[in-house]
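Student: Before I ask anything, here is the structure I am working with.
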Amino acid sequence: MKLPAVFETLLKLKQEGRTRAIGVANFTTALLKVVVEEIKAPIACNQIEYHVMLDQTKVAKYLAARSIPLVAYCPLAQGRVATDAALAAIGKKHNASAAQVALKWLLDQNGVAAIQKHRAPRASKPISMR
């Protein structure tokens, strides 16, 4: 991908008022450095897979240092947190499920927003955040 050309077009669209913000998805620290430091694009957010079972410290620190929000997708690790023994043990101490522990960890971080995985509508039991 030719980032300078892509972002030149995106910046032009923003200047013309045809978009309000420019967000990116799955950008590594290296790609963010090019876009933020070299191209000087005003990035509104970076949407990445982010949860308690995946270390994204490097990207998260880069974003936080520049006040760029991190939008976390797959916050429940595609369901894997529900069966994690360590999270279940923590949850047991606090009368919470492993999923609630994982979401609490995520939502307690500054500059991080979580989104749920999109699925076709179905009957489901909502998760309570005490």
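Chain identifiers are assigned as A, B, and so on, following the order in which chains appear in the structure tokens; residues are numbered from 1 within each chain, and ligands are numbered from 1 in order of appearance.
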Per residue of stretch 6-84 of chain A within 6 Å of stretch 103-117 of chain A, what are the shortest atom pair and its distance in Å to one decimal, counting only C-alpha atoms, with rows by chain and residue number, as JSON lines?
Tutor:
```
{"residue": "A:Pro69", "atom": "CA", "partner": "A:Gly111", "partner_atom": "CA", "distance": 4.9}
{"residue": "A:Leu70", "atom": "CA", "partner": "A:Val112", "partner_atom": "CA", "distance": 4.8}
{"residue": "A:Val71", "atom": "CA", "partner": "A:Ala113", "partner_atom": "CA", "distance": 4.9}
{"residue": "A:Ala72", "atom": "CA", "partner": "A:Ala114", "partner_atom": "CA", "distance": 4.6}
{"residue": "A:Tyr73", "atom": "CA", "partner": "A:Ile115", "partner_atom": "CA", "distance": 5.4}
```
Student: May I have the selected residues written with N, CA and C atoms, as a PDB file, in the first residue's frame?
Tutor:
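Final output, again_2.pdb:
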```pdb
ATOM      1  N   PRO A  69      -7.202   7.426  20.400  1.00  0.00           N
ATOM      2  CA  PRO A  69      -7.968   6.339  21.008  1.00  0.00           C
ATOM      3  C   PRO A  69      -7.699   4.985  20.355  1.00  0.00           C
ATOM      4  N   LEU A  70      -7.712   3.957  21.188  1.00  0.00           N
ATOM      5  CA  LEU A  70      -7.603   2.574  20.736  1.00  0.00           C
ATOM      6  C   LEU A  70      -9.009   1.990  20.796  1.00  0.00           C
ATOM      7  N   VAL A  71      -9.499   1.489  19.676  1.00  0.00           N
ATOM      8  CA  VAL A  71     -10.801   0.840  19.633  1.00  0.00           C
ATOM      9  C   VAL A  71     -10.553  -0.663  19.579  1.00  0.00           C
ATOM     10  N   ALA A  72     -10.983  -1.352  20.625  1.00  0.00           N
ATOM     11  CA  ALA A  72     -10.701  -2.778  20.784  1.00  0.00           C
ATOM     12  C   ALA A  72     -11.811  -3.627  20.190  1.00  0.00           C
ATOM     13  N   TYR A  73     -11.436  -4.443  19.193  1.00  0.00           N
ATOM     14  CA  TYR A  73     -12.410  -5.430  18.721  1.00  0.00           C
ATOM     15  C   TYR A  73     -12.015  -6.797  19.263  1.00  0.00           C
TER      16      TYR A  73
END
```
Student: Which neighbours of A:Lys61 fall inside 12 Å, counting only C-alpha atoms, when residues of the same chain fewer than 2 positions from it are skipped, and could you give them as a list of chain:residue names?
Tutor: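 My list of contacting residues is A:Thr28, A:Thr29, A:Leu32, A:Asp55, A:Gln56, A:Thr57, A:Lys58, A:Val59, A:Leu63, A:Ala64, A:Ala65, A:Arg66, A:Ser67, A:Ile68, A:Pro69, A:Leu70, A:Gln109, A:Asn110, A:Gly111, A:Val112.
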Student: Limited to N, CA and C atoms, could you put the picked residues into a file as a compact mmCIF listing (two decimals), in the first residue's frame?
Tutor:
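Listed below is the output, again-v2.txt:
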```
# COMPACT_ATOMS: atom_id res chain seq x y z
N THR A 28 0.11 -1.26 12.79
CA THR A 28 1.20 -1.54 13.70
C THR A 28 1.85 -0.23 14.11
N THR A 29 2.76 -0.29 15.07
CA THR A 29 3.48 0.90 15.48
C THR A 29 4.26 1.48 14.30
N LEU A 32 1.85 3.31 12.07
CA LEU A 32 1.40 4.53 12.75
C LEU A 32 2.46 5.62 12.70
N ASP A 55 -1.16 -9.47 23.90
CA ASP A 55 -0.30 -8.34 24.27
C ASP A 55 -0.15 -7.38 23.10
N GLN A 56 -0.73 -6.21 23.25
CA GLN A 56 -0.62 -5.13 22.26
C GLN A 56 -0.02 -3.90 22.93
N THR A 57 0.85 -4.13 23.90
CA THR A 57 1.43 -3.05 24.70
C THR A 57 2.11 -1.99 23.85
N LYS A 58 2.90 -2.41 22.88
CA LYS A 58 3.66 -1.47 22.06
C LYS A 58 2.74 -0.50 21.32
N VAL A 59 1.71 -1.03 20.68
CA VAL A 59 0.77 -0.18 19.95
C VAL A 59 -0.02 0.68 20.92
N LEU A 63 -0.17 4.82 20.93
CA LEU A 63 -1.42 5.55 20.79
C LEU A 63 -1.67 6.46 21.99
N ALA A 64 -1.47 5.92 23.19
CA ALA A 64 -1.72 6.70 24.41
C ALA A 64 -0.81 7.94 24.47
N ALA A 65 0.44 7.79 24.06
CA ALA A 65 1.38 8.90 24.10
C ALA A 65 0.97 10.03 23.16
N ARG A 66 0.16 9.72 22.18
CA ARG A 66 -0.28 10.72 21.20
C ARG A 66 -1.77 11.03 21.32
N SER A 67 -2.38 10.54 22.38
CA SER A 67 -3.82 10.77 22.64
C SER A 67 -4.70 10.30 21.49
N ILE A 68 -4.32 9.18 20.89
CA ILE A 68 -5.11 8.57 19.82
C ILE A 68 -5.88 7.40 20.45
N PRO A 69 -7.20 7.43 20.40
CA PRO A 69 -7.97 6.34 21.01
C PRO A 69 -7.70 4.98 20.35
N LEU A 70 -7.71 3.96 21.19
CA LEU A 70 -7.60 2.57 20.74
C LEU A 70 -9.01 1.99 20.80
N GLN A 109 -8.90 0.85 31.28
CA GLN A 109 -7.75 1.48 30.65
C GLN A 109 -8.15 2.79 29.99
N ASN A 110 -7.36 3.81 30.22
CA ASN A 110 -7.62 5.12 29.61
C ASN A 110 -7.38 5.06 28.11
N GLY A 111 -8.25 5.73 27.37
CA GLY A 111 -8.06 5.83 25.93
C GLY A 111 -8.45 4.60 25.15
N VAL A 112 -9.17 3.66 25.80
CA VAL A 112 -9.57 2.42 25.14
C VAL A 112 -11.08 2.31 25.13
```
Student: Any idea what's packed within 9 Å of A:Glu8, counting only C-alpha atoms, ignoring anything in its chain fewer than 4 positions away? Could you give it as a list in words?
Tutor: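 Result of the neighbour search: Leu3, Pro4, Lys12, Leu13, Ile39 and Ala41 of chain A.
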Student: Restricted to all heavy atoms, what would the selected residues look like written as an mmCIF file, in the first residue's frame?
Tutor:
```
data_model
loop_
_atom_site.group_PDB
_atom_site.id
_atom_site.type_symbol
_atom_site.label_atom_id
_atom_site.label_comp_id
_atom_site.auth_asym_id
_atom_site.auth_seq_id
_atom_site.Cartn_x
_atom_site.Cartn_y
_atom_site.Cartn_z
ATOM 1 N N LEU A 3 1.085 4.424 1.340
ATOM 2 C CA LEU A 3 0.469 5.243 2.383
ATOM 3 C C LEU A 3 0.417 6.732 2.062
ATOM 4 O O LEU A 3 -0.619 7.361 2.274
ATOM 5 C CB LEU A 3 1.163 5.014 3.722
ATOM 6 C CG LEU A 3 0.829 3.712 4.420
ATOM 7 C CD1 LEU A 3 1.619 3.581 5.709
ATOM 8 C CD2 LEU A 3 -0.641 3.606 4.710
ATOM 9 N N PRO A 4 1.487 7.338 1.555
ATOM 10 C CA PRO A 4 1.398 8.774 1.267
ATOM 11 C C PRO A 4 0.257 9.112 0.305
ATOM 12 O O PRO A 4 -0.492 10.073 0.547
ATOM 13 C CB PRO A 4 2.765 9.112 0.677
ATOM 14 C CG PRO A 4 3.687 8.094 1.287
ATOM 15 C CD PRO A 4 2.859 6.836 1.351
ATOM 16 N N LYS A 12 -7.492 15.175 1.728
ATOM 17 C CA LYS A 12 -8.240 16.044 0.809
ATOM 18 C C LYS A 12 -9.741 15.908 1.077
ATOM 19 O O LYS A 12 -10.461 16.907 1.128
ATOM 20 C CB LYS A 12 -7.922 15.680 -0.643
ATOM 21 C CG LYS A 12 -8.607 16.564 -1.654
ATOM 22 C CD LYS A 12 -8.246 16.188 -3.077
ATOM 23 C CE LYS A 12 -9.018 17.056 -4.046
ATOM 24 N NZ LYS A 12 -8.877 16.600 -5.422
ATOM 25 N N LEU A 13 -10.216 14.672 1.269
ATOM 26 C CA LEU A 13 -11.630 14.449 1.574
ATOM 27 C C LEU A 13 -12.028 15.128 2.882
ATOM 28 O O LEU A 13 -13.115 15.696 2.998
ATOM 29 C CB LEU A 13 -11.935 12.950 1.641
ATOM 30 C CG LEU A 13 -11.849 12.187 0.316
ATOM 31 C CD1 LEU A 13 -11.927 10.689 0.554
ATOM 32 C CD2 LEU A 13 -12.944 12.656 -0.636
ATOM 33 N N ILE A 39 3.690 11.626 7.575
ATOM 34 C CA ILE A 39 2.616 12.195 6.754
ATOM 35 C C ILE A 39 1.863 13.284 7.512
ATOM 36 O O ILE A 39 1.275 14.167 6.924
ATOM 37 C CB ILE A 39 1.657 11.077 6.267
ATOM 38 C CG1 ILE A 39 2.442 10.075 5.398
ATOM 39 C CG2 ILE A 39 0.473 11.647 5.500
ATOM 40 C CD1 ILE A 39 1.671 8.836 5.019
ATOM 41 N N ALA A 41 -0.810 12.931 9.393
ATOM 42 C CA ALA A 41 -2.259 12.760 9.296
ATOM 43 C C ALA A 41 -2.873 12.756 10.694
ATOM 44 O O ALA A 41 -2.337 12.126 11.603
ATOM 45 C CB ALA A 41 -2.593 11.451 8.579
#
```
Student: Run DSSP on the backbone and give me the residues of chain A it puts in alpha helix (DSSP H), as a ChimeraX atom specification.
Tutor: /A:3-15,29-33,57-65,85-93,98-107
Student: Run DSSP on the backbone and give me the residues of chain A it puts in strand (DSSP E or B), as a ChimeraX atom specification.
Tutor: /A:22-25,43-49,51,54,70-73,112-114
Student: Quick one: residues within 7 Å of stretch 76-84 of chain A, only C-alpha atoms counted, chain neighbours fewer than 5 positions away excluded, as a list of chain:residue names?
Tutor: A:His51, A:Met53, A:Ala98, A:Ala99, A:Ala102
Student: Between atom CA of A:Lys40 and atom CA of A:Ala60, what is the spacing in Å?
Tutor: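 Atom CA of A:Lys40 lies at a distance of 19.0 Å from atom CA of A:Ala60.
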Student: Identify which of the residues A:Ile43, A:Lys2, A:Glu49, A:Asn26 lies closest to A:Lys14, counting only C-alpha atoms when measuring atom-to-atom distances.
Tutor: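 Result for the nearest residue to A:Lys14: A:Ile43.
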Student: In Å to one decimal, how far is atom CA of A:Glu37 from atom CA of A:Cys74?
Tutor: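 Computed distance, atom CA of A:Cys74 to atom CA of A:Glu37, equals 28.2 Å.
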Student: Could you please determine the separation between atom CA of A:Pro42 and atom CA of A:Leu54 in Å, to one decimal place?
Tutor: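 Interatomic distance, atom CA of A:Pro42 to atom CA of A:Leu54: 26.6 Å.
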